Amino acid sequence: TILNYEYVSLFHQPLDDGNKIFEVNLWYDRNKHWELYEKHNYEDAFKIAFELSELLNIDLLDATVPNNFKWIDKKTSKETGKIVYSN
């Protein structure tokens, strides 16, 4: 049983054919994570990551741009219907 969920992250991996796959990970116990979903579409992966972070009441990190990770302002994103970053 995991009691220490920390945040959900969304990032992409390049595929051999030049496309990308977006992964949703659940981070816990400081540096451990589960790979939960893989989607070829950013919007679909973002929706899954957002819903999971809401259900667990934890933060959401957009790590789709290498070396430029951004936390999502979930409250403002929900209110505006657009992705809003908090940093």
# chains A, B, ... in the order shown; residues from 1 in each chain; ligands from 1

call {"tool": "select_by_dssp", "arguments": {"residues": "chain A", "states": "alpha helix (DSSP H)", "output": "mmCIF file with all heavy atoms, in the first residue's frame"}}
result
data_model
loop_
_atom_site.group_PDB
_atom_site.id
_atom_site.type_symbol
_atom_site.label_atom_id
_atom_site.label_comp_id
_atom_site.auth_asym_id
_atom_site.auth_seq_id
_atom_site.Cartn_x
_atom_site.Cartn_y
_atom_site.Cartn_z
ATOM 1 N N TYR A 42 -1.448 14.362 -26.963
ATOM 2 C CA TYR A 42 -1.171 15.151 -25.765
ATOM 3 C C TYR A 42 -2.446 15.456 -24.992
ATOM 4 O O TYR A 42 -2.487 15.323 -23.771
ATOM 5 C CB TYR A 42 -0.465 16.458 -26.134
ATOM 6 C CG TYR A 42 -0.285 17.385 -24.959
ATOM 7 C CD1 TYR A 42 0.768 17.199 -24.068
ATOM 8 C CD2 TYR A 42 -1.167 18.432 -24.728
ATOM 9 C CE1 TYR A 42 0.936 18.034 -22.964
ATOM 10 C CE2 TYR A 42 -1.005 19.277 -23.635
ATOM 11 C CZ TYR A 42 0.039 19.066 -22.764
ATOM 12 O OH TYR A 42 0.195 19.890 -21.679
ATOM 13 N N GLU A 43 -3.498 15.875 -25.695
ATOM 14 C CA GLU A 43 -4.733 16.271 -25.006
ATOM 15 C C GLU A 43 -5.329 15.107 -24.222
ATOM 16 O O GLU A 43 -5.789 15.289 -23.093
ATOM 17 C CB GLU A 43 -5.758 16.834 -25.998
ATOM 18 C CG GLU A 43 -5.407 18.198 -26.552
ATOM 19 C CD GLU A 43 -4.373 18.142 -27.682
ATOM 20 O OE1 GLU A 43 -4.130 17.052 -28.250
ATOM 21 O OE2 GLU A 43 -3.785 19.200 -27.983
ATOM 22 N N ASP A 44 -5.341 13.913 -24.811
ATOM 23 C CA ASP A 44 -5.879 12.740 -24.111
ATOM 24 C C ASP A 44 -5.049 12.413 -22.871
ATOM 25 O O ASP A 44 -5.587 12.129 -21.805
ATOM 26 C CB ASP A 44 -5.914 11.523 -25.034
ATOM 27 C CG ASP A 44 -6.945 11.660 -26.139
ATOM 28 O OD1 ASP A 44 -7.846 12.512 -26.030
ATOM 29 O OD2 ASP A 44 -6.831 10.908 -27.130
ATOM 30 N N ALA A 45 -3.731 12.445 -23.024
ATOM 31 C CA ALA A 45 -2.850 12.156 -21.890
ATOM 32 C C ALA A 45 -3.016 13.211 -20.807
ATOM 33 O O ALA A 45 -3.034 12.887 -19.616
ATOM 34 C CB ALA A 45 -1.394 12.085 -22.370
ATOM 35 N N PHE A 46 -3.148 14.476 -21.214
ATOM 36 C CA PHE A 46 -3.322 15.554 -20.234
ATOM 37 C C PHE A 46 -4.608 15.358 -19.444
ATOM 38 O O PHE A 46 -4.617 15.510 -18.220
ATOM 39 C CB PHE A 46 -3.325 16.928 -20.910
ATOM 40 C CG PHE A 46 -3.467 18.049 -19.929
ATOM 41 C CD1 PHE A 46 -2.357 18.539 -19.253
ATOM 42 C CD2 PHE A 46 -4.710 18.588 -19.640
ATOM 43 C CE1 PHE A 46 -2.489 19.559 -18.318
ATOM 44 C CE2 PHE A 46 -4.859 19.603 -18.713
ATOM 45 C CZ PHE A 46 -3.739 20.088 -18.050
ATOM 46 N N LYS A 47 -5.698 15.004 -20.121
ATOM 47 C CA LYS A 47 -6.978 14.783 -19.431
ATOM 48 C C LYS A 47 -6.858 13.678 -18.383
ATOM 49 O O LYS A 47 -7.354 13.811 -17.269
ATOM 50 C CB LYS A 47 -8.075 14.432 -20.438
ATOM 51 C CG LYS A 47 -8.539 15.596 -21.250
ATOM 52 C CD LYS A 47 -9.581 15.170 -22.265
ATOM 53 C CE LYS A 47 -9.890 16.292 -23.233
ATOM 54 N NZ LYS A 47 -10.805 15.852 -24.299
ATOM 55 N N ILE A 48 -6.186 12.590 -18.745
ATOM 56 C CA ILE A 48 -6.005 11.484 -17.803
ATOM 57 C C ILE A 48 -5.157 11.934 -16.618
ATOM 58 O O ILE A 48 -5.496 11.678 -15.461
ATOM 59 C CB ILE A 48 -5.369 10.275 -18.516
ATOM 60 C CG1 ILE A 48 -6.387 9.663 -19.472
ATOM 61 C CG2 ILE A 48 -4.873 9.238 -17.513
ATOM 62 C CD1 ILE A 48 -5.804 8.663 -20.438
ATOM 63 N N ALA A 49 -4.054 12.628 -16.899
ATOM 64 C CA ALA A 49 -3.173 13.106 -15.830
ATOM 65 C C ALA A 49 -3.909 14.074 -14.906
ATOM 66 O O ALA A 49 -3.792 14.003 -13.685
ATOM 67 C CB ALA A 49 -1.936 13.775 -16.430
ATOM 68 N N PHE A 50 -4.690 14.983 -15.496
ATOM 69 C CA PHE A 50 -5.416 15.978 -14.711
ATOM 70 C C PHE A 50 -6.444 15.285 -13.805
ATOM 71 O O PHE A 50 -6.511 15.576 -12.603
ATOM 72 C CB PHE A 50 -6.109 16.983 -15.636
ATOM 73 C CG PHE A 50 -6.659 18.174 -14.917
ATOM 74 C CD1 PHE A 50 -5.906 19.329 -14.810
ATOM 75 C CD2 PHE A 50 -7.929 18.155 -14.340
ATOM 76 C CE1 PHE A 50 -6.392 20.442 -14.143
ATOM 77 C CE2 PHE A 50 -8.423 19.256 -13.672
ATOM 78 C CZ PHE A 50 -7.656 20.402 -13.572
ATOM 79 N N GLU A 51 -7.227 14.389 -14.377
ATOM 80 C CA GLU A 51 -8.253 13.699 -13.589
ATOM 81 C C GLU A 51 -7.633 12.892 -12.448
ATOM 82 O O GLU A 51 -8.142 12.895 -11.335
ATOM 83 C CB GLU A 51 -9.102 12.792 -14.485
ATOM 84 C CG GLU A 51 -10.040 13.562 -15.385
ATOM 85 C CD GLU A 51 -11.037 14.418 -14.618
ATOM 86 O OE1 GLU A 51 -11.601 13.949 -13.600
ATOM 87 O OE2 GLU A 51 -11.255 15.573 -15.023
ATOM 88 N N LEU A 52 -6.538 12.215 -12.731
ATOM 89 C CA LEU A 52 -5.873 11.439 -11.689
ATOM 90 C C LEU A 52 -5.372 12.345 -10.572
ATOM 91 O O LEU A 52 -5.551 12.052 -9.389
ATOM 92 C CB LEU A 52 -4.714 10.641 -12.293
ATOM 93 C CG LEU A 52 -3.934 9.772 -11.315
ATOM 94 C CD1 LEU A 52 -4.835 8.728 -10.669
ATOM 95 C CD2 LEU A 52 -2.777 9.111 -12.029
ATOM 96 N N SER A 53 -4.769 13.475 -10.946
ATOM 97 C CA SER A 53 -4.266 14.400 -9.924
ATOM 98 C C SER A 53 -5.422 14.977 -9.104
ATOM 99 O O SER A 53 -5.271 15.210 -7.908
ATOM 100 C CB SER A 53 -3.436 15.515 -10.555
ATOM 101 O OG SER A 53 -4.236 16.413 -11.279
ATOM 102 N N GLU A 54 -6.563 15.185 -9.728
ATOM 103 C CA GLU A 54 -7.737 15.679 -8.999
ATOM 104 C C GLU A 54 -8.267 14.607 -8.039
ATOM 105 O O GLU A 54 -8.583 14.910 -6.893
ATOM 106 C CB GLU A 54 -8.839 16.078 -9.981
ATOM 107 C CG GLU A 54 -8.564 17.382 -10.703
ATOM 108 C CD GLU A 54 -8.753 18.581 -9.798
ATOM 109 O OE1 GLU A 54 -9.897 19.015 -9.608
ATOM 110 O OE2 GLU A 54 -7.738 19.092 -9.269
ATOM 111 N N LEU A 55 -8.375 13.376 -8.519
ATOM 112 C CA LEU A 55 -8.894 12.294 -7.670
ATOM 113 C C LEU A 55 -8.029 12.078 -6.434
ATOM 114 O O LEU A 55 -8.541 11.800 -5.359
ATOM 115 C CB LEU A 55 -8.977 10.992 -8.466
ATOM 116 C CG LEU A 55 -10.102 10.909 -9.488
ATOM 117 C CD1 LEU A 55 -9.925 9.686 -10.374
ATOM 118 C CD2 LEU A 55 -11.459 10.869 -8.796
ATOM 119 N N LEU A 56 -6.709 12.200 -6.613
ATOM 120 C CA LEU A 56 -5.795 11.982 -5.493
ATOM 121 C C LEU A 56 -5.467 13.264 -4.730
ATOM 122 O O LEU A 56 -4.758 13.226 -3.737
ATOM 123 C CB LEU A 56 -4.501 11.339 -6.004
ATOM 124 C CG LEU A 56 -4.658 9.945 -6.593
ATOM 125 C CD1 LEU A 56 -3.350 9.476 -7.211
ATOM 126 C CD2 LEU A 56 -5.152 8.966 -5.542
ATOM 127 N N LYS A 74 -4.006 23.997 -11.411
ATOM 128 C CA LYS A 74 -5.213 23.218 -11.711
ATOM 129 C C LYS A 74 -6.493 24.017 -11.520
ATOM 130 O O LYS A 74 -7.416 23.895 -12.314
ATOM 131 C CB LYS A 74 -5.238 21.945 -10.868
ATOM 132 C CG LYS A 74 -4.087 21.009 -11.221
ATOM 133 C CD LYS A 74 -4.226 19.618 -10.621
ATOM 134 C CE LYS A 74 -4.639 19.593 -9.194
ATOM 135 N NZ LYS A 74 -4.794 18.244 -8.656
ATOM 136 N N LYS A 75 -6.550 24.841 -10.492
ATOM 137 C CA LYS A 75 -7.758 25.624 -10.229
ATOM 138 C C LYS A 75 -8.041 26.580 -11.387
ATOM 139 O O LYS A 75 -9.150 26.613 -11.924
ATOM 140 C CB LYS A 75 -7.602 26.396 -8.921
ATOM 141 C CG LYS A 75 -8.826 27.211 -8.529
ATOM 142 C CD LYS A 75 -8.609 27.894 -7.175
ATOM 143 C CE LYS A 75 -9.828 28.618 -6.698
ATOM 144 N NZ LYS A 75 -10.074 29.866 -7.397
ATOM 145 N N THR A 76 -7.032 27.341 -11.807
ATOM 146 C CA THR A 76 -7.213 28.294 -12.909
ATOM 147 C C THR A 76 -7.453 27.560 -14.221
ATOM 148 O O THR A 76 -8.258 28.000 -15.045
ATOM 149 C CB THR A 76 -5.988 29.230 -13.014
ATOM 150 O OG1 THR A 76 -5.786 29.858 -11.743
ATOM 151 C CG2 THR A 76 -6.199 30.296 -14.066
ATOM 152 N N SER A 77 -6.788 26.435 -14.422
ATOM 153 C CA SER A 77 -6.997 25.652 -15.646
ATOM 154 C C SER A 77 -8.443 25.178 -15.737
ATOM 155 O O SER A 77 -9.049 25.217 -16.804
ATOM 156 C CB SER A 77 -6.042 24.455 -15.683
ATOM 157 O OG SER A 77 -4.702 24.883 -15.794
ATOM 158 N N LYS A 78 -8.984 24.742 -14.598
ATOM 159 C CA LYS A 78 -10.384 24.304 -14.577
ATOM 160 C C LYS A 78 -11.328 25.459 -14.879
ATOM 161 O O LYS A 78 -12.286 25.322 -15.638
ATOM 162 C CB LYS A 78 -10.730 23.715 -13.204
ATOM 163 C CG LYS A 78 -11.047 22.252 -13.238
ATOM 164 C CD LYS A 78 -11.691 21.745 -11.981
ATOM 165 C CE LYS A 78 -10.834 21.943 -10.753
ATOM 166 N NZ LYS A 78 -11.281 21.147 -9.608
ATOM 167 N N GLU A 79 -11.057 26.609 -14.280
ATOM 168 C CA GLU A 79 -11.937 27.773 -14.438
ATOM 169 C C GLU A 79 -11.915 28.320 -15.871
ATOM 170 O O GLU A 79 -12.935 28.760 -16.371
ATOM 171 C CB GLU A 79 -11.517 28.884 -13.475
ATOM 172 C CG GLU A 79 -11.806 28.555 -12.032
ATOM 173 C CD GLU A 79 -11.164 29.547 -11.047
ATOM 174 O OE1 GLU A 79 -10.419 30.444 -11.480
ATOM 175 O OE2 GLU A 79 -11.421 29.394 -9.841
ATOM 176 N N THR A 80 -10.746 28.297 -16.513
ATOM 177 C CA THR A 80 -10.618 28.898 -17.842
ATOM 178 C C THR A 80 -10.790 27.893 -18.984
ATOM 179 O O THR A 80 -11.012 28.284 -20.116
ATOM 180 C CB THR A 80 -9.239 29.556 -18.018
ATOM 181 O OG1 THR A 80 -8.230 28.551 -17.920
ATOM 182 C CG2 THR A 80 -9.017 30.643 -16.979
#

call {"tool": "residues_around", "arguments": {"residues": "Asn25 in chain A", "least_positions_apart": "5", "cutoff": "7 Å", "atoms": "only C-alpha atoms", "output": "PyMOL selection string"}}
result
chain A and resi 8-10+33-36

call {"tool": "closest_residue", "arguments": {"among": "A:Ser86, A:Asn41, A:Asn19, A:Asn57", "to": "Tyr5 in chain A", "atoms": "only C-alpha atoms"}}
result
A:Asn57

call {"tool": "atom_distance", "arguments": {"atom1": "CA of Asn4 in chain A", "atom2": "CA of Tyr28 in chain A"}}
result
5.6 Å

call {"tool": "residues_around", "arguments": {"residues": "Lys39 in chain A", "least_positions_apart": "5", "cutoff": "9 Å", "atoms": "only C-alpha atoms", "output": "PDB file with N, CA, C and O atoms, in the first residue's frame"}}
result
ATOM      1  N   LYS A  20       5.701  10.742 -31.164  1.00  0.00           N
ATOM      2  CA  LYS A  20       5.905  10.810 -29.719  1.00  0.00           C
ATOM      3  C   LYS A  20       4.800  10.023 -29.034  1.00  0.00           C
ATOM      4  O   LYS A  20       3.699   9.899 -29.551  1.00  0.00           O
ATOM      5  N   ILE A  21       5.126   9.521 -27.862  1.00  0.00           N
ATOM      6  CA  ILE A  21       4.100   8.934 -27.005  1.00  0.00           C
ATOM      7  C   ILE A  21       4.153   9.695 -25.677  1.00  0.00           C
ATOM      8  O   ILE A  21       5.228  10.010 -25.185  1.00  0.00           O
ATOM      9  N   PHE A  22       2.988  10.048 -25.180  1.00  0.00           N
ATOM     10  CA  PHE A  22       2.893  10.802 -23.933  1.00  0.00           C
ATOM     11  C   PHE A  22       2.598   9.833 -22.799  1.00  0.00           C
ATOM     12  O   PHE A  22       1.696   9.006 -22.902  1.00  0.00           O
ATOM     13  N   GLU A  23       3.367   9.947 -21.729  1.00  0.00           N
ATOM     14  CA  GLU A  23       3.221   9.049 -20.590  1.00  0.00           C
ATOM     15  C   GLU A  23       2.719   9.808 -19.374  1.00  0.00           C
ATOM     16  O   GLU A  23       3.107  10.958 -19.146  1.00  0.00           O
ATOM     17  N   VAL A  24       1.876   9.128 -18.588  1.00  0.00           N
ATOM     18  CA  VAL A  24       1.373   9.663 -17.330  1.00  0.00           C
ATOM     19  C   VAL A  24       1.955   8.798 -16.220  1.00  0.00           C
ATOM     20  O   VAL A  24       1.784   7.579 -16.225  1.00  0.00           O
ATOM     21  N   ASP A  44      -5.341  13.913 -24.811  1.00  0.00           N
ATOM     22  CA  ASP A  44      -5.879  12.740 -24.111  1.00  0.00           C
ATOM     23  C   ASP A  44      -5.049  12.413 -22.871  1.00  0.00           C
ATOM     24  O   ASP A  44      -5.587  12.129 -21.805  1.00  0.00           O
ATOM     25  N   ALA A  45      -3.731  12.445 -23.024  1.00  0.00           N
ATOM     26  CA  ALA A  45      -2.850  12.156 -21.890  1.00  0.00           C
ATOM     27  C   ALA A  45      -3.016  13.211 -20.807  1.00  0.00           C
ATOM     28  O   ALA A  45      -3.034  12.887 -19.616  1.00  0.00           O
TER      29      ALA A  45
END

call {"tool": "closest_residue", "arguments": {"among": "A:Tyr7, A:Tyr37, A:Trp27, A:Tyr85", "to": "Leu60 in chain A", "atoms": "only C-alpha atoms"}}
result
A:Tyr7

call {"tool": "select_by_dssp", "arguments": {"residues": "chain A", "states": "strand (DSSP E or B)", "output": "PDB file with N, CA and C atoms, in the first residue's frame"}}
result
ATOM      1  N   TYR A   5       1.474   9.520  -1.963  1.00  0.00           N
ATOM      2  CA  TYR A   5       1.429  10.002  -3.346  1.00  0.00           C
ATOM      3  C   TYR A   5       1.910  11.445  -3.360  1.00  0.00           C
ATOM      4  N   GLU A   6       2.754  11.801  -4.321  1.00  0.00           N
ATOM      5  CA  GLU A   6       3.314  13.144  -4.348  1.00  0.00           C
ATOM      6  C   GLU A   6       2.765  13.996  -5.483  1.00  0.00           C
ATOM      7  N   TYR A   7       2.860  13.503  -6.720  1.00  0.00           N
ATOM      8  CA  TYR A   7       2.333  14.257  -7.861  1.00  0.00           C
ATOM      9  C   TYR A   7       2.212  13.354  -9.075  1.00  0.00           C
ATOM     10  N   VAL A   8       1.495  13.858 -10.071  1.00  0.00           N
ATOM     11  CA  VAL A   8       1.346  13.187 -11.350  1.00  0.00           C
ATOM     12  C   VAL A   8       2.182  13.967 -12.356  1.00  0.00           C
ATOM     13  N   SER A   9       2.884  13.251 -13.224  1.00  0.00           N
ATOM     14  CA  SER A   9       3.646  13.942 -14.265  1.00  0.00           C
ATOM     15  C   SER A   9       3.223  13.459 -15.638  1.00  0.00           C
ATOM     16  N   LEU A  10       3.366  14.353 -16.584  1.00  0.00           N
ATOM     17  CA  LEU A  10       3.058  14.073 -17.984  1.00  0.00           C
ATOM     18  C   LEU A  10       4.312  14.405 -18.771  1.00  0.00           C
ATOM     19  N   PHE A  11       4.814  13.450 -19.542  1.00  0.00           N
ATOM     20  CA  PHE A  11       5.986  13.731 -20.369  1.00  0.00           C
ATOM     21  C   PHE A  11       5.909  12.910 -21.643  1.00  0.00           C
ATOM     22  N   HIS A  12       6.812  13.158 -22.559  1.00  0.00           N
ATOM     23  CA  HIS A  12       6.777  12.416 -23.812  1.00  0.00           C
ATOM     24  C   HIS A  12       8.083  11.676 -24.054  1.00  0.00           C
ATOM     25  N   GLN A  13       7.956  10.619 -24.808  1.00  0.00           N
ATOM     26  CA  GLN A  13       9.088   9.826 -25.250  1.00  0.00           C
ATOM     27  C   GLN A  13       9.054   9.798 -26.770  1.00  0.00           C
ATOM     28  N   PRO A  14      10.183  10.026 -27.425  1.00  0.00           N
ATOM     29  CA  PRO A  14      10.199   9.882 -28.878  1.00  0.00           C
ATOM     30  C   PRO A  14      10.167   8.403 -29.259  1.00  0.00           C
ATOM     31  N   LYS A  20       5.701  10.742 -31.164  1.00  0.00           N
ATOM     32  CA  LYS A  20       5.905  10.810 -29.719  1.00  0.00           C
ATOM     33  C   LYS A  20       4.800  10.023 -29.034  1.00  0.00           C
ATOM     34  N   ILE A  21       5.126   9.521 -27.862  1.00  0.00           N
ATOM     35  CA  ILE A  21       4.100   8.934 -27.005  1.00  0.00           C
ATOM     36  C   ILE A  21       4.153   9.695 -25.677  1.00  0.00           C
ATOM     37  N   PHE A  22       2.988  10.048 -25.180  1.00  0.00           N
ATOM     38  CA  PHE A  22       2.893  10.802 -23.933  1.00  0.00           C
ATOM     39  C   PHE A  22       2.598   9.833 -22.799  1.00  0.00           C
ATOM     40  N   GLU A  23       3.367   9.947 -21.729  1.00  0.00           N
ATOM     41  CA  GLU A  23       3.221   9.049 -20.590  1.00  0.00           C
ATOM     42  C   GLU A  23       2.719   9.808 -19.374  1.00  0.00           C
ATOM     43  N   VAL A  24       1.876   9.128 -18.588  1.00  0.00           N
ATOM     44  CA  VAL A  24       1.373   9.663 -17.330  1.00  0.00           C
ATOM     45  C   VAL A  24       1.955   8.798 -16.220  1.00  0.00           C
ATOM     46  N   ASN A  25       2.675   9.441 -15.305  1.00  0.00           N
ATOM     47  CA  ASN A  25       3.307   8.736 -14.195  1.00  0.00           C
ATOM     48  C   ASN A  25       2.777   9.255 -12.870  1.00  0.00           C
ATOM     49  N   LEU A  26       2.654   8.361 -11.921  1.00  0.00           N
ATOM     50  CA  LEU A  26       2.276   8.706 -10.555  1.00  0.00           C
ATOM     51  C   LEU A  26       3.512   8.546  -9.685  1.00  0.00           C
ATOM     52  N   TRP A  27       3.964   9.656  -9.098  1.00  0.00           N
ATOM     53  CA  TRP A  27       5.181   9.676  -8.279  1.00  0.00           C
ATOM     54  C   TRP A  27       4.817   9.539  -6.803  1.00  0.00           C
ATOM     55  N   TYR A  28       5.641   8.773  -6.093  1.00  0.00           N
ATOM     56  CA  TYR A  28       5.418   8.543  -4.666  1.00  0.00           C
ATOM     57  C   TYR A  28       6.760   8.254  -3.990  1.00  0.00           C
ATOM     58  N   LYS A  32      10.094   7.367  -6.552  1.00  0.00           N
ATOM     59  CA  LYS A  32       9.530   6.170  -7.172  1.00  0.00           C
ATOM     60  C   LYS A  32       8.300   6.573  -7.984  1.00  0.00           C
ATOM     61  N   HIS A  33       8.044   5.829  -9.059  1.00  0.00           N
ATOM     62  CA  HIS A  33       6.851   6.139  -9.839  1.00  0.00           C
ATOM     63  C   HIS A  33       6.309   4.905 -10.551  1.00  0.00           C
ATOM     64  N   TRP A  34       5.043   5.003 -10.876  1.00  0.00           N
ATOM     65  CA  TRP A  34       4.366   4.018 -11.709  1.00  0.00           C
ATOM     66  C   TRP A  34       4.052   4.675 -13.034  1.00  0.00           C
ATOM     67  N   GLU A  35       4.325   3.972 -14.111  1.00  0.00           N
ATOM     68  CA  GLU A  35       3.886   4.427 -15.427  1.00  0.00           C
ATOM     69  C   GLU A  35       2.461   3.914 -15.603  1.00  0.00           C
ATOM     70  N   LEU A  36       1.504   4.848 -15.675  1.00  0.00           N
ATOM     71  CA  LEU A  36       0.101   4.450 -15.663  1.00  0.00           C
ATOM     72  C   LEU A  36      -0.540   4.396 -17.044  1.00  0.00           C
ATOM     73  N   TYR A  37      -0.215   5.366 -17.888  1.00  0.00           N
ATOM     74  CA  TYR A  37      -0.861   5.437 -19.199  1.00  0.00           C
ATOM     75  C   TYR A  37       0.137   5.882 -20.249  1.00  0.00           C
ATOM     76  N   GLU A  38      -0.134   5.465 -21.473  1.00  0.00           N
ATOM     77  CA  GLU A  38       0.586   5.968 -22.631  1.00  0.00           C
ATOM     78  C   GLU A  38      -0.449   6.319 -23.684  1.00  0.00           C
ATOM     79  N   LYS A  39      -0.343   7.518 -24.222  1.00  0.00           N
ATOM     80  CA  LYS A  39      -1.262   7.977 -25.262  1.00  0.00           C
ATOM     81  C   LYS A  39      -0.444   8.649 -26.362  1.00  0.00           C
ATOM     82  N   ASP A  59      -0.535  17.445  -6.917  1.00  0.00           N
ATOM     83  CA  ASP A  59      -0.111  18.353  -7.979  1.00  0.00           C
ATOM     84  C   ASP A  59       0.096  17.635  -9.299  1.00  0.00           C
ATOM     85  N   LEU A  60       0.140  18.446 -10.369  1.00  0.00           N
ATOM     86  CA  LEU A  60       0.333  17.950 -11.727  1.00  0.00           C
ATOM     87  C   LEU A  60       1.500  18.690 -12.359  1.00  0.00           C
ATOM     88  N   LEU A  61       2.462  17.933 -12.884  1.00  0.00           N
ATOM     89  CA  LEU A  61       3.657  18.487 -13.505  1.00  0.00           C
ATOM     90  C   LEU A  61       3.652  18.176 -14.995  1.00  0.00           C
ATOM     91  N   ASP A  62       3.779  19.219 -15.814  1.00  0.00           N
ATOM     92  CA  ASP A  62       3.919  19.047 -17.259  1.00  0.00           C
ATOM     93  C   ASP A  62       5.410  19.018 -17.567  1.00  0.00           C
ATOM     94  N   LYS A  70       7.007  22.320 -15.852  1.00  0.00           N
ATOM     95  CA  LYS A  70       6.115  23.360 -15.340  1.00  0.00           C
ATOM     96  C   LYS A  70       4.977  22.728 -14.550  1.00  0.00           C
ATOM     97  N   TRP A  71       4.712  23.302 -13.379  1.00  0.00           N
ATOM     98  CA  TRP A  71       3.565  22.871 -12.579  1.00  0.00           C
ATOM     99  C   TRP A  71       2.303  23.490 -13.161  1.00  0.00           C
ATOM    100  N   ILE A  72       1.232  22.715 -13.158  1.00  0.00           N
ATOM    101  CA  ILE A  72      -0.059  23.173 -13.662  1.00  0.00           C
ATOM    102  C   ILE A  72      -0.825  23.846 -12.530  1.00  0.00           C
ATOM    103  N   TYR A  85      -0.113  27.521 -16.276  1.00  0.00           N
ATOM    104  CA  TYR A  85       1.021  27.089 -15.466  1.00  0.00           C
ATOM    105  C   TYR A  85       1.158  28.001 -14.248  1.00  0.00           C
TER     106      TYR A  85
END

call {"tool": "atom_distance", "arguments": {"atom1": "CA of Asp29 in chain A", "atom2": "CA of Leu3 in chain A"}}
result
8.6 Å
